[in-house]
$ cat run_9.csv   # CSV, C-alpha atoms
chain,number,residue,atom,x,y,z
A,31,MET,CA,-8.5,14.7,-21.7
A,32,LYS,CA,-5.4,14.3,-19.5
A,33,VAL,CA,-5.4,14.1,-15.7
A,34,ILE,CA,-2.1,15.2,-14.2
A,35,VAL,CA,-1.4,14.5,-10.6
A,36,HIS,CA,1.7,16.2,-9.1
A,37,ASP,CA,3.1,17.0,-5.7
A,38,LEU,CA,5.1,20.0,-6.8
A,39,GLN,CA,4.7,23.4,-5.3
A,40,GLU,CA,2.4,25.5,-7.4
A,41,LYS,CA,5.1,28.0,-8.2
A,42,LEU,CA,7.5,25.3,-9.4
A,43,TRP,CA,4.7,23.7,-11.5
A,44,GLN,CA,3.9,27.1,-13.2
A,45,GLU,CA,7.6,27.6,-13.9
A,46,LEU,CA,7.8,24.3,-15.8
A,47,GLY,CA,5.4,25.7,-18.4
A,48,MET,CA,3.9,22.4,-19.3
A,49,LYS,CA,1.8,22.3,-22.5
A,50,LEU,CA,-1.7,21.7,-21.5
A,51,GLN,CA,-5.1,21.8,-23.3
A,52,ASP,CA,-8.2,23.5,-21.9
A,53,GLN,CA,-9.9,20.3,-20.9
A,54,ASP,CA,-6.8,18.9,-19.0
A,55,ILE,CA,-7.2,18.5,-15.3
A,56,VAL,CA,-4.3,19.2,-12.9
A,57,ILE,CA,-4.5,17.9,-9.4
A,58,SER,CA,-1.9,19.1,-6.9
A,59,GLY,CA,-1.4,19.4,-3.2
A,60,ASP,CA,-1.4,23.2,-3.3
A,61,ALA,CA,-4.4,23.7,-5.6
A,62,ASP,CA,-7.9,23.3,-4.1
A,63,SER,CA,-9.5,20.3,-5.7
A,64,GLY,CA,-12.8,22.2,-5.3
A,65,GLY,CA,-14.7,19.1,-4.2
A,66,ARG,CA,-14.1,17.5,-7.6
A,67,ASP,CA,-14.7,13.8,-8.0
A,68,ILE,CA,-11.0,13.0,-8.6
A,69,GLY,CA,-11.6,9.3,-8.9
A,70,GLY,CA,-14.3,10.0,-11.5
A,71,LEU,CA,-12.0,12.2,-13.5
A,72,MET,CA,-9.3,9.6,-13.5
A,73,GLY,CA,-11.8,7.0,-14.7
A,74,LYS,CA,-12.5,9.1,-17.8
A,75,CYS,CA,-9.1,10.4,-18.9
A,76,SER,CA,-7.2,9.4,-22.0
A,77,GLN,CA,-3.9,9.8,-20.2
A,78,LEU,CA,-3.1,9.7,-16.5
A,79,VAL,CA,0.2,11.5,-15.6
A,80,LEU,CA,1.6,11.0,-12.1
A,81,ILE,CA,4.5,13.3,-11.2
A,82,SER,CA,5.9,12.3,-7.9
A,83,ARG,CA,8.8,12.6,-5.6
A,84,CYS,CA,10.4,9.2,-5.4
A,85,VAL,CA,9.8,8.1,-1.8
A,86,TYR,CA,11.6,4.9,-1.0
A,87,GLY,CA,11.0,3.6,-4.5
A,88,GLY,CA,7.3,4.5,-4.6
A,89,PHE,CA,5.0,7.5,-4.9
A,90,SER,CA,4.9,10.3,-2.4
A,91,PRO,CA,2.2,10.4,0.2
A,92,PHE,CA,0.2,13.0,-1.7
A,93,VAL,CA,0.2,11.0,-5.0
A,94,GLN,CA,-0.6,7.8,-3.2
A,95,GLY,CA,-3.4,9.6,-1.4
A,96,VAL,CA,-4.9,10.6,-4.7
A,97,LEU,CA,-4.6,7.0,-6.0
A,98,GLU,CA,-6.5,5.9,-3.0
A,99,LYS,CA,-9.4,8.1,-4.1
A,100,TYR,CA,-9.7,5.9,-7.2
A,101,LYS,CA,-11.1,3.1,-5.0
A,102,LYS,CA,-14.7,3.4,-6.1
A,103,HIS,CA,-13.8,2.5,-9.7
A,104,PHE,CA,-11.9,-0.4,-8.5
A,105,GLY,CA,-13.3,-3.6,-6.9
A,106,PRO,CA,-14.7,-4.8,-4.6
A,107,LEU,CA,-15.2,-7.7,-7.0
A,108,LEU,CA,-12.1,-9.8,-7.9
A,109,GLU,CA,-11.2,-11.2,-11.3
A,110,LEU,CA,-8.4,-13.3,-12.7
A,111,ARG,CA,-5.9,-11.4,-15.0
A,112,HIS,CA,-2.5,-12.4,-16.1
A,113,GLY,CA,-2.7,-15.4,-13.8
A,114,GLN,CA,-3.2,-13.3,-10.7
A,115,THR,CA,-6.2,-11.9,-8.8
A,116,HIS,CA,-7.0,-8.3,-9.4
A,117,TYR,CA,-9.8,-6.0,-8.6
A,118,ALA,CA,-12.3,-5.6,-11.4
A,119,VAL,CA,-12.0,-2.2,-12.9
A,120,ASN,CA,-15.3,-0.4,-13.5
A,121,SER,CA,-14.1,2.8,-15.2
A,122,ALA,CA,-15.1,3.8,-18.7
A,123,ASN,CA,-11.5,4.2,-19.9
A,124,LYS,CA,-10.1,0.8,-19.0
A,125,ASN,CA,-7.7,-0.6,-21.6
A,126,THR,CA,-7.7,2.7,-23.5
A,127,PHE,CA,-5.9,5.2,-21.3
A,128,GLY,CA,-2.2,5.6,-21.1
A,129,MET,CA,-0.3,6.0,-17.9
A,130,VAL,CA,2.9,8.1,-17.4
A,131,CYS,CA,4.7,7.8,-14.1
A,132,CYS,CA,7.4,10.4,-13.6
A,133,PHE,CA,9.6,10.2,-10.5
A,134,TYR,CA,12.0,12.9,-9.5
A,135,GLY,CA,14.6,13.2,-6.8
A,136,ASP,CA,18.3,13.9,-6.6
A,137,ASN,CA,19.3,10.7,-4.8
A,138,ILE,CA,17.3,7.9,-6.3
A,139,THR,CA,19.3,4.7,-5.8
A,140,PRO,CA,19.2,1.9,-8.4
A,141,ARG,CA,17.2,-0.2,-6.0
A,142,GLU,CA,14.6,2.5,-5.5
A,143,GLU,CA,14.5,3.0,-9.3
A,144,GLN,CA,13.8,-0.7,-9.7
A,145,SER,CA,11.1,-0.6,-7.1
A,146,ALA,CA,9.5,2.4,-8.7
A,147,ARG,CA,9.5,0.7,-12.1
A,148,ILE,CA,7.9,-2.4,-10.8
A,149,LEU,CA,5.3,-0.4,-8.9
A,150,SER,CA,4.4,1.6,-12.0
A,151,VAL,CA,3.9,-1.4,-14.2
A,152,SER,CA,2.0,-3.2,-11.5
A,153,ASP,CA,-0.3,-0.2,-11.0
A,154,GLY,CA,-0.8,0.0,-14.8
A,155,ILE,CA,-1.9,-3.7,-14.7
A,156,SER,CA,-4.2,-3.1,-11.7
A,157,LEU,CA,-5.8,0.0,-13.2
A,158,GLN,CA,-6.0,-1.7,-16.7
A,159,ALA,CA,-4.0,1.0,-18.5
A,160,ARG,CA,-3.2,0.5,-22.2
A,161,GLY,CA,0.4,1.1,-21.5
A,162,VAL,CA,2.8,2.6,-19.0
A,163,ARG,CA,5.7,5.0,-19.6
A,164,ILE,CA,8.2,5.6,-16.8
A,165,ALA,CA,10.6,8.4,-16.4
A,166,PHE,CA,13.2,9.5,-13.8
A,167,TYR,CA,14.6,12.9,-13.4
A,168,ASP,CA,17.2,14.0,-10.9
A,169,THR,CA,16.0,17.6,-10.9
A,170,VAL,CA,12.6,19.2,-11.0
A,171,ASP,CA,13.7,21.3,-13.9
A,172,LYS,CA,14.1,18.3,-16.1
A,173,ILE,CA,10.4,17.4,-15.7
A,174,ARG,CA,10.0,19.8,-18.7
A,175,GLN,CA,11.2,16.9,-20.8
A,176,LEU,CA,7.8,15.3,-20.2
A,177,ASN,CA,6.4,17.7,-22.8
A,178,GLY,CA,7.7,15.3,-25.4
A,179,ILE,CA,6.0,12.3,-23.6
A,180,ILE,CA,2.6,13.6,-22.6
A,181,VAL,CA,0.2,14.3,-25.5
B,1282,MET,CA,10.3,-3.5,24.3
B,1283,ILE,CA,8.4,-4.3,21.1
B,1284,LEU,CA,6.7,-1.4,19.3
B,1285,PHE,CA,3.7,-2.4,17.3
B,1286,LEU,CA,2.7,0.1,14.6
B,1287,ASP,CA,-0.9,-0.3,13.4
B,1288,GLY,CA,-0.8,1.1,9.9
B,1289,GLY,CA,-4.6,0.7,9.4
B,1290,TYR,CA,-5.3,-2.9,8.4
B,1291,THR,CA,-8.5,-4.8,8.1
B,1292,LEU,CA,-7.7,-8.1,9.6
B,1293,ALA,CA,-11.1,-9.8,9.4
B,1294,ASP,CA,-10.9,-12.1,12.4
B,1295,GLY,CA,-10.1,-9.4,14.9
B,1296,SER,CA,-7.6,-6.6,14.8
B,1297,ALA,CA,-6.0,-7.9,18.0
B,1298,ALA,CA,-4.9,-11.3,16.5
B,1299,CYS,CA,-1.6,-10.0,15.3
B,1300,VAL,CA,-0.7,-8.3,18.6
B,1301,GLU,CA,-1.8,-11.4,20.5
B,1302,SER,CA,0.5,-13.7,18.5
B,1303,ILE,CA,3.4,-11.4,19.3
B,1304,ARG,CA,2.4,-11.2,22.9
B,1305,GLU,CA,2.4,-15.0,23.2
B,1306,CYS,CA,5.9,-15.3,21.8
B,1307,ALA,CA,7.4,-12.5,23.8
B,1308,GLN,CA,5.7,-12.8,27.1
B,1309,ASP,CA,8.6,-11.3,29.1
B,1310,GLU,CA,8.8,-8.2,27.0
B,1311,GLU,CA,6.7,-5.1,27.1
B,1312,LEU,CA,4.5,-4.6,24.0
B,1313,VAL,CA,3.5,-1.0,23.1
B,1314,SER,CA,0.8,-0.7,20.4
B,1315,VAL,CA,0.5,2.6,18.5
B,1316,LYS,CA,-2.0,3.4,15.7
B,1317,ILE,CA,-0.6,5.5,12.9
B,1318,CYS,CA,-3.0,8.5,12.5
B,1319,GLU,CA,-3.0,12.2,12.3
B,1320,GLY,CA,-2.1,14.2,15.5
B,1321,MET,CA,0.1,11.5,17.0
B,1322,ASP,CA,2.1,12.2,20.1
B,1323,TRP,CA,5.5,12.4,18.4
B,1324,ASP,CA,7.5,12.9,21.6
B,1325,GLY,CA,6.2,9.6,22.8
B,1326,ILE,CA,6.7,7.9,19.4
B,1327,TYR,CA,10.4,9.0,19.3
B,1328,ARG,CA,10.9,7.7,22.8
B,1329,HIS,CA,9.3,4.3,21.9
B,1330,LEU,CA,11.3,4.1,18.7
B,1331,GLU,CA,14.5,4.7,20.6
B,1332,ASP,CA,13.6,2.1,23.3
B,1333,ALA,CA,12.3,-0.6,21.0
B,1334,HIS,CA,14.2,-3.8,20.3
B,1335,ALA,CA,11.8,-4.6,17.5
B,1336,ILE,CA,9.5,-2.4,15.5
B,1337,VAL,CA,6.6,-4.2,13.9
B,1338,LEU,CA,4.5,-2.5,11.2
B,1339,ALA,CA,1.1,-4.1,10.2
B,1340,ALA,CA,-0.6,-2.5,7.3
B,1341,ASP,CA,-2.9,-3.1,4.4
B,1342,VAL,CA,-1.6,-2.8,0.8
B,1343,TYR,CA,-3.6,-1.0,-1.8
B,1344,LEU,CA,-2.3,-0.5,-5.3
B,1345,ASP,CA,1.0,-2.1,-4.4
B,1346,SER,CA,1.7,0.4,-1.6
B,1347,VAL,CA,1.1,1.0,2.0
B,1348,SER,CA,-1.3,4.0,2.6
B,1349,ALA,CA,-0.4,7.6,2.3
B,1350,ASN,CA,-0.7,7.9,6.1
B,1351,VAL,CA,2.0,5.3,6.7
B,1352,LEU,CA,4.3,6.8,4.1
B,1353,GLU,CA,4.0,10.2,5.8
B,1354,PHE,CA,4.8,8.5,9.1
B,1355,LEU,CA,7.9,6.8,7.7
B,1356,GLU,CA,9.2,10.0,6.2
B,1357,LYS,CA,8.8,11.7,9.6
B,1358,VAL,CA,10.7,8.9,11.3
B,1359,GLU,CA,13.5,9.2,8.7
B,1360,GLN,CA,13.7,13.0,9.4
B,1361,ALA,CA,14.0,12.2,13.1
B,1362,VAL,CA,16.9,9.9,12.4
B,1363,ILE,CA,18.6,12.6,10.3
B,1364,GLY,CA,18.0,14.9,13.2
B,1365,GLY,CA,19.9,12.7,15.6
B,1366,GLU,CA,17.4,10.0,16.8
B,1367,SER,CA,18.9,6.6,17.0
B,1368,ILE,CA,16.8,3.5,16.3
B,1369,GLY,CA,18.5,0.3,17.2
B,1370,GLY,CA,15.6,-2.1,16.9
B,1371,LYS,CA,15.0,-4.4,14.0
B,1372,PHE,CA,12.1,-3.7,11.6
B,1373,TYR,CA,9.5,-6.3,10.9
B,1374,ALA,CA,6.6,-5.9,8.5
B,1375,ILE,CA,3.2,-7.7,8.2
B,1376,LEU,CA,1.4,-6.6,5.1
B,1377,TYR,CA,-2.1,-7.7,4.1
B,1378,THR,CA,-3.9,-7.8,0.8
B,1379,GLU,CA,-7.3,-9.0,0.0
B,1380,LEU,CA,-5.9,-10.4,-3.3
B,1381,TYR,CA,-5.2,-14.1,-3.3
B,1382,GLU,CA,-1.5,-14.0,-3.7
B,1383,GLY,CA,0.6,-12.7,-0.8
B,1384,GLU,CA,3.3,-11.9,-3.3
B,1385,GLN,CA,1.2,-8.9,-4.3
B,1386,THR,CA,2.6,-7.2,-1.2
B,1387,SER,CA,6.2,-7.6,-2.4
B,1388,VAL,CA,6.5,-4.2,-4.0
B,1389,ALA,CA,5.3,-2.5,-0.8
B,1390,MET,CA,7.7,-4.7,1.1
B,1391,GLU,CA,10.6,-3.3,-1.1
B,1392,VAL,CA,9.5,0.2,-0.3
B,1393,LEU,CA,9.7,-0.6,3.4
B,1394,LYS,CA,13.2,-2.0,3.0
B,1395,ASN,CA,14.2,1.1,1.1
B,1396,PHE,CA,12.9,3.1,4.1
B,1397,CYS,CA,15.1,1.0,6.5
B,1398,VAL,CA,18.2,1.8,4.4
B,1399,HIS,CA,17.4,5.5,4.5
B,1400,ALA,CA,16.6,5.5,8.3
B,1401,ASN,CA,19.6,3.2,9.1
B,1402,ILE,CA,17.3,0.6,10.6
B,1403,THR,CA,18.1,-3.2,10.3
B,1404,TRP,CA,15.5,-5.1,8.4
B,1405,GLY,CA,14.2,-8.1,10.4
B,1406,ARG,CA,11.7,-10.0,8.3
B,1407,GLY,CA,8.6,-9.4,6.1
B,1408,LEU,CA,5.4,-11.4,6.0
B,1409,GLY,CA,3.0,-10.8,3.1
B,1410,ILE,CA,-0.4,-12.3,3.7
B,1411,GLY,CA,-2.7,-12.8,0.7
B,1412,GLY,CA,-6.4,-13.7,0.9
B,1413,ASN,CA,-7.1,-11.3,3.7
B,1414,LYS,CA,-10.8,-11.1,2.9
B,1415,VAL,CA,-11.3,-14.4,4.5
B,1416,GLU,CA,-13.1,-14.2,7.9
B,1417,ALA,CA,-12.7,-16.7,10.7
B,1418,VAL,CA,-16.3,-17.4,11.5
B,1419,SER,CA,-17.4,-20.0,13.9
B,1420,GLY,CA,-21.0,-21.2,14.1
B,1421,ARG,CA,-22.8,-23.2,11.4
B,1422,ARG,CA,-20.7,-26.0,10.0
B,1423,SER,CA,-21.3,-25.1,6.4
B,1424,LEU,CA,-18.8,-25.8,3.7
B,1425,TRP,CA,-18.2,-22.1,3.4
B,1426,ASN,CA,-17.5,-21.7,7.1
B,1427,ARG,CA,-15.1,-24.5,7.0
B,1428,PHE,CA,-13.3,-22.9,4.1
B,1429,ARG,CA,-13.1,-19.6,6.0
B,1430,ARG,CA,-11.9,-21.3,9.2
B,1431,SER,CA,-9.2,-23.3,7.5
B,1432,ALA,CA,-8.0,-20.3,5.5
B,1433,ALA,CA,-7.8,-18.1,8.7
B,1434,ASP,CA,-6.0,-20.9,10.6
B,1435,PHE,CA,-3.4,-20.8,7.8
B,1436,ARG,CA,-2.9,-17.1,8.4
B,1437,GLN,CA,-2.6,-17.6,12.2
B,1438,ARG,CA,0.2,-20.2,11.7
B,1439,SER,CA,2.2,-17.7,9.7
B,1440,LEU,CA,1.6,-14.9,12.2
B,1441,ARG,CA,2.8,-17.1,15.0
B,1442,GLU,CA,6.0,-17.9,13.0
B,1443,GLN,CA,6.5,-14.2,12.4
B,1444,ALA,CA,6.0,-13.5,16.1
B,1445,LEU,CA,8.7,-16.0,16.9
B,1446,PHE,CA,11.2,-14.1,14.8
B,1447,ILE,CA,10.1,-10.9,16.4
B,1448,GLY,CA,10.3,-12.3,19.9
B,1449,GLU,CA,13.8,-13.6,19.3
B,1450,LYS,CA,14.8,-10.5,17.3
B,1451,LEU,CA,15.9,-12.7,14.5
B,1452,GLN,CA,16.4,-11.8,10.9
B,1453,GLY,CA,14.8,-14.0,8.3
B,1454,THR,CA,13.9,-14.4,4.6
B,1455,ASP,CA,10.6,-12.6,3.7
B,1456,VAL,CA,7.6,-14.9,3.4
B,1457,TYR,CA,4.5,-14.5,1.2
B,1458,ILE,CA,1.5,-16.7,1.9
B,1459,LYS,CA,-1.9,-17.4,0.4
B,1460,PRO,CA,-4.8,-19.6,1.5
B,1461,GLU,CA,-3.4,-22.8,0.0
B,1462,GLU,CA,-6.5,-24.8,1.0
B,1463,VAL,CA,-8.5,-23.1,-1.7
B,1464,SER,CA,-7.7,-22.6,-5.4
B,1465,ARG,CA,-7.4,-19.1,-6.8
B,1466,LYS,CA,-10.6,-19.5,-8.8
B,1467,GLU,CA,-12.5,-20.8,-5.9
B,1468,TYR,CA,-11.4,-17.9,-3.7
B,1469,ILE,CA,-12.5,-15.4,-6.4
B,1470,ARG,CA,-15.8,-17.1,-6.8
B,1471,LYS,CA,-16.5,-17.3,-3.1
B,1472,MET,CA,-15.4,-13.7,-2.4
B,1473,ASN,CA,-17.4,-12.2,-5.2
B,1474,HIS,CA,-20.5,-14.2,-4.1
B,1475,GLU,CA,-20.1,-12.9,-0.5
B,1476,MET,CA,-19.6,-9.3,-1.7
B,1477,LYS,CA,-22.7,-9.4,-3.9
B,1478,LYS,CA,-24.7,-10.9,-1.1
B,1479,SER,CA,-23.6,-8.2,1.3
B,1480,ASN,CA,-24.4,-5.5,-1.3
B,1481,ARG,CA,-27.9,-6.9,-1.6
B,1482,VAL,CA,-28.3,-6.7,2.2
B,1483,LYS,CA,-27.1,-3.1,2.2
B,1484,ILE,CA,-29.6,-2.2,-0.6
B,1485,ALA,CA,-32.4,-3.9,1.2
B,1486,GLN,CA,-31.6,-2.1,4.5
B,1487,ASN,CA,-31.6,1.3,2.6
B,1488,PHE,CA,-35.2,0.8,1.5

$ encode --input "run_9.csv" --output "structure tokens"
Amino acid sequence: MKVIVHDLQEKLWQELGMKLQDQDIVISGDADSGGRDIGGLMGKCSQLVLISRCVYGGFSPFVQGVLEKYKKHFGPLLELRHGQTHYAVNSANKNTFGMVCCFYGDNITPREEQSARILSVSDGISLQARGVRIAFYDTVDKIRQLNGIIV
Amino acid sequence: MILFLDGGYTLADGSAACVESIRECAQDEELVSVKICEGMDWDGIYRHLEDAHAIVLAADVYLDSVSANVLEFLEKVEQAVIGGESIGGKFYAILYTELYEGEQTSVAMEVLKNFCVHANITWGRGLGIGGNKVEAVSGRRSLWNRFRRSAADFRQRSLREQALFIGEKLQGTDVYIKPEEVSRKEYIRKMNHEMKKSNRVKIAQNF
């Protein structure tokens, strides 16, 4: 099961025509989350796809807000990993799920791209993802290319 | 005037500590403190941003970023600058993380610097504070209390140093600190012990 979090308008998202399977979950600002346990879903998925406007080299407020809902699978206990302290991850999918971070925007500077890359890898380590793929697109239309990345 | 933006942080030894340090170092200057939240008085905020010689943002870092609320606030400020607002004050950041290493706030610090480039605001100095789960507790002179006191003192020294930069409107190199008095392993052990103890108390209270 994939969990896709995006901050696109629903119309734009539909126009992209992303290939999804029945069990995949799409979380967006426009669609009603229907009281779903978003953190719980993220903790069970095989792939977490974050599609975000690049805001100052990070995620948009909406995507960051969704990540904040993941808190209950995360901490409060600390552990040592890769020589640094991290929150202990309690989710069932740790070390097995893949993370895809896709940033879009027509004016992403090299410095912002670098920040976004470091942020994505760092979040992948924090959430204990198996691996992280990072993509940048200068137009929303090009997000279609994710069809070759997300499985 | 110094504008202090409270981006929602959980400074354990009293949320006023940060403001107090700045107040001590800039006694002659007015200090306006604003909490970033929904339904803010934006006319007032724009006025403060325009008048401020220094803008100080204090915020917690979670998953290498400041909160969604703070990001929304920054975007709105950038929009105001595009709309003609002029912000001449320098921007200072104080970022907190419960993780041991203050360096774990460096990605969020970069995001704030990128914001400054967009909003045409001069970057002042960043302070990233690790080990923010430590509480300054007075009272019993146990080893644990001494540990917490010394770690909190360490944080206060750095806050005062940051306040000096703010007071004098100086630019400086970003600094990342951690509670040096304790090792990383000891910090984790103590913090987890405290957390489990507080969880047991919560469970007991629920019965």

$ closest_residue --input "run_9.csv" --among "A:Gln158, A:Ser82, A:Asn177, A:Ser90" --to "chain B" --atoms "only C-alpha atoms"
A:Ser90

$ interface_residues --input "run_9.csv" --of "chain B" --to "chain A" --cutoff "9 Å" --atoms "only C-alpha atoms" --output "PDB file with C-alpha atoms, in the coordinates of the input"
ATOM      1  CA  TYR B1343      -3.600  -1.000  -1.800  1.00  0.00           C
ATOM      2  CA  LEU B1344      -2.300  -0.500  -5.300  1.00  0.00           C
ATOM      3  CA  ASP B1345       1.000  -2.100  -4.400  1.00  0.00           C
ATOM      4  CA  SER B1346       1.700   0.400  -1.600  1.00  0.00           C
ATOM      5  CA  VAL B1347       1.100   1.000   2.000  1.00  0.00           C
ATOM      6  CA  SER B1348      -1.300   4.000   2.600  1.00  0.00           C
ATOM      7  CA  ALA B1349      -0.400   7.600   2.300  1.00  0.00           C
ATOM      8  CA  ASN B1350      -0.700   7.900   6.100  1.00  0.00           C
ATOM      9  CA  VAL B1351       2.000   5.300   6.700  1.00  0.00           C
ATOM     10  CA  LEU B1352       4.300   6.800   4.100  1.00  0.00           C
ATOM     11  CA  GLU B1353       4.000  10.200   5.800  1.00  0.00           C
ATOM     12  CA  GLU B1356       9.200  10.000   6.200  1.00  0.00           C
ATOM     13  CA  LEU B1380      -5.900 -10.400  -3.300  1.00  0.00           C
ATOM     14  CA  TYR B1381      -5.200 -14.100  -3.300  1.00  0.00           C
ATOM     15  CA  GLU B1382      -1.500 -14.000  -3.700  1.00  0.00           C
ATOM     16  CA  GLN B1385       1.200  -8.900  -4.300  1.00  0.00           C
ATOM     17  CA  VAL B1388       6.500  -4.200  -4.000  1.00  0.00           C
ATOM     18  CA  ALA B1389       5.300  -2.500  -0.800  1.00  0.00           C
ATOM     19  CA  GLU B1391      10.600  -3.300  -1.100  1.00  0.00           C
ATOM     20  CA  VAL B1392       9.500   0.200  -0.300  1.00  0.00           C
ATOM     21  CA  LEU B1393       9.700  -0.600   3.400  1.00  0.00           C
ATOM     22  CA  LYS B1394      13.200  -2.000   3.000  1.00  0.00           C
ATOM     23  CA  ASN B1395      14.200   1.100   1.100  1.00  0.00           C
ATOM     24  CA  PHE B1396      12.900   3.100   4.100  1.00  0.00           C
ATOM     25  CA  HIS B1399      17.400   5.500   4.500  1.00  0.00           C
ATOM     26  CA  ARG B1465      -7.400 -19.100  -6.800  1.00  0.00           C
ATOM     27  CA  LYS B1466     -10.600 -19.500  -8.800  1.00  0.00           C
ATOM     28  CA  ILE B1469     -12.500 -15.400  -6.400  1.00  0.00           C
ATOM     29  CA  ARG B1470     -15.800 -17.100  -6.800  1.00  0.00           C
ATOM     30  CA  MET B1472     -15.400 -13.700  -2.400  1.00  0.00           C
ATOM     31  CA  ASN B1473     -17.400 -12.200  -5.200  1.00  0.00           C
ATOM     32  CA  HIS B1474     -20.500 -14.200  -4.100  1.00  0.00           C
ATOM     33  CA  MET B1476     -19.600  -9.300  -1.700  1.00  0.00           C
ATOM     34  CA  LYS B1477     -22.700  -9.400  -3.900  1.00  0.00           C
TER      35      LYS B1477
END

$ atom_distance --input "run_9.csv" --atom1 "CA of Glu1449 in chain B" --atom2 "CA of Trp1323 in chain B"
27.3 Å

$ residues_near_point --input "run_9.csv" --point "(12.3, 17.1, -9.0)" --cutoff "8 Å" --atoms "all atoms listed in the file" --output "CSV table (one decimal) with C-alpha atoms, keeping the file's coordinate frame"
chain,number,residue,atom,x,y,z
A,83,ARG,CA,8.8,12.6,-5.6
A,133,PHE,CA,9.6,10.2,-10.5
A,134,TYR,CA,12.0,12.9,-9.5
A,135,GLY,CA,14.6,13.2,-6.8
A,136,ASP,CA,18.3,13.9,-6.6
A,167,TYR,CA,14.6,12.9,-13.4
A,168,ASP,CA,17.2,14.0,-10.9
A,169,THR,CA,16.0,17.6,-10.9
A,170,VAL,CA,12.6,19.2,-11.0
A,171,ASP,CA,13.7,21.3,-13.9
A,172,LYS,CA,14.1,18.3,-16.1
A,173,ILE,CA,10.4,17.4,-15.7

$ residues_around --input "run_9.csv" --residues "Leu1451 in chain B" --least-positions-apart "3" --cutoff "7 Å" --atoms "only C-alpha atoms" --output "number ranges by chain"
B: 1405, 1446-1447

$ atom_distance --input "run_9.csv" --atom1 "CA of Gly1411 in chain B" --atom2 "CA of Glu1462 in chain B"
12.6 Å

$ residues_around --input "run_9.csv" --residues "Asp1455 in chain B" --least-positions-apart "5" --cutoff "10 Å" --atoms "only C-alpha atoms" --output "CSV table (one decimal) with C-alpha atoms, in the coordinates of the input"
chain,number,residue,atom,x,y,z
B,1373,TYR,CA,9.5,-6.3,10.9
B,1374,ALA,CA,6.6,-5.9,8.5
B,1375,ILE,CA,3.2,-7.7,8.2
B,1387,SER,CA,6.2,-7.6,-2.4
B,1390,MET,CA,7.7,-4.7,1.1
B,1405,GLY,CA,14.2,-8.1,10.4
B,1406,ARG,CA,11.7,-10.0,8.3
B,1407,GLY,CA,8.6,-9.4,6.1
B,1408,LEU,CA,5.4,-11.4,6.0
B,1409,GLY,CA,3.0,-10.8,3.1
B,1443,GLN,CA,6.5,-14.2,12.4

$ atom_distance --input "run_9.csv" --atom1 "CA of Arg1436 in chain B" --atom2 "CA of Glu1475 in chain B"
19.8 Å

$ closest_residue --input "run_9.csv" --among "A:Gln39, A:Gln44, A:Asn120, A:Gln53" --to "Gly69 in chain A" --atoms "all atoms listed in the file"
A:Asn120

$ residues_around --input "run_9.csv" --residues "Leu1445 in chain B" --least-positions-apart "5" --cutoff "9 Å" --atoms "all atoms listed in the file" --output "list in words"
Ser1302, Ile1303, Glu1305, Cys1306, Ala1307, Leu1440, Lys1450 and Leu1451 of chain B

$ closest_residue --input "run_9.csv" --among "B:Met1321, B:Ile1458, B:Met1282, B:Ala1298" --to "Thr1378 in chain B" --atoms "only C-alpha atoms"
B:Ile1458

$ closest_residue --input "run_9.csv" --among "A:Leu38, A:Val79, A:Ala122, A:Asp67" --to "Leu50 in chain A" --atoms "only C-alpha atoms"
A:Val79

$ build_atoms --input "run_9.csv" --residues "range 1352-1361 of chain B" --atoms "N, CA and C atoms" --output "PDB file, in the coordinates of the input"
ATOM      1  N   LEU B1352       3.134   6.212   4.734  1.00  0.00           N
ATOM      2  CA  LEU B1352       4.300   6.800   4.100  1.00  0.00           C
ATOM      3  C   LEU B1352       4.713   8.109   4.746  1.00  0.00           C
ATOM      4  N   GLU B1353       3.720   8.916   5.122  1.00  0.00           N
ATOM      5  CA  GLU B1353       4.000  10.200   5.800  1.00  0.00           C
ATOM      6  C   GLU B1353       4.721   9.873   7.163  1.00  0.00           C
ATOM      7  N   PHE B1354       4.218   8.860   7.853  1.00  0.00           N
ATOM      8  CA  PHE B1354       4.800   8.500   9.100  1.00  0.00           C
ATOM      9  C   PHE B1354       6.278   8.059   8.951  1.00  0.00           C
ATOM     10  N   LEU B1355       6.531   7.241   7.923  1.00  0.00           N
ATOM     11  CA  LEU B1355       7.900   6.800   7.700  1.00  0.00           C
ATOM     12  C   LEU B1355       8.844   7.923   7.365  1.00  0.00           C
ATOM     13  N   GLU B1356       8.350   8.850   6.571  1.00  0.00           N
ATOM     14  CA  GLU B1356       9.200  10.000   6.200  1.00  0.00           C
ATOM     15  C   GLU B1356       9.550  10.815   7.483  1.00  0.00           C
ATOM     16  N   LYS B1357       8.584  10.932   8.387  1.00  0.00           N
ATOM     17  CA  LYS B1357       8.800  11.700   9.600  1.00  0.00           C
ATOM     18  C   LYS B1357       9.854  10.960  10.489  1.00  0.00           C
ATOM     19  N   VAL B1358       9.768   9.644  10.506  1.00  0.00           N
ATOM     20  CA  VAL B1358      10.700   8.900  11.300  1.00  0.00           C
ATOM     21  C   VAL B1358      12.136   9.060  10.682  1.00  0.00           C
ATOM     22  N   GLU B1359      12.215   9.035   9.360  1.00  0.00           N
ATOM     23  CA  GLU B1359      13.500   9.200   8.700  1.00  0.00           C
ATOM     24  C   GLU B1359      14.090  10.609   9.051  1.00  0.00           C
ATOM     25  N   GLN B1360      13.224  11.609   9.050  1.00  0.00           N
ATOM     26  CA  GLN B1360      13.700  13.000   9.400  1.00  0.00           C
ATOM     27  C   GLN B1360      14.217  13.005  10.821  1.00  0.00           C
ATOM     28  N   ALA B1361      13.550  12.275  11.710  1.00  0.00           N
ATOM     29  CA  ALA B1361      14.000  12.200  13.100  1.00  0.00           C
ATOM     30  C   ALA B1361      15.378  11.592  13.211  1.00  0.00           C
TER      31      ALA B1361
END
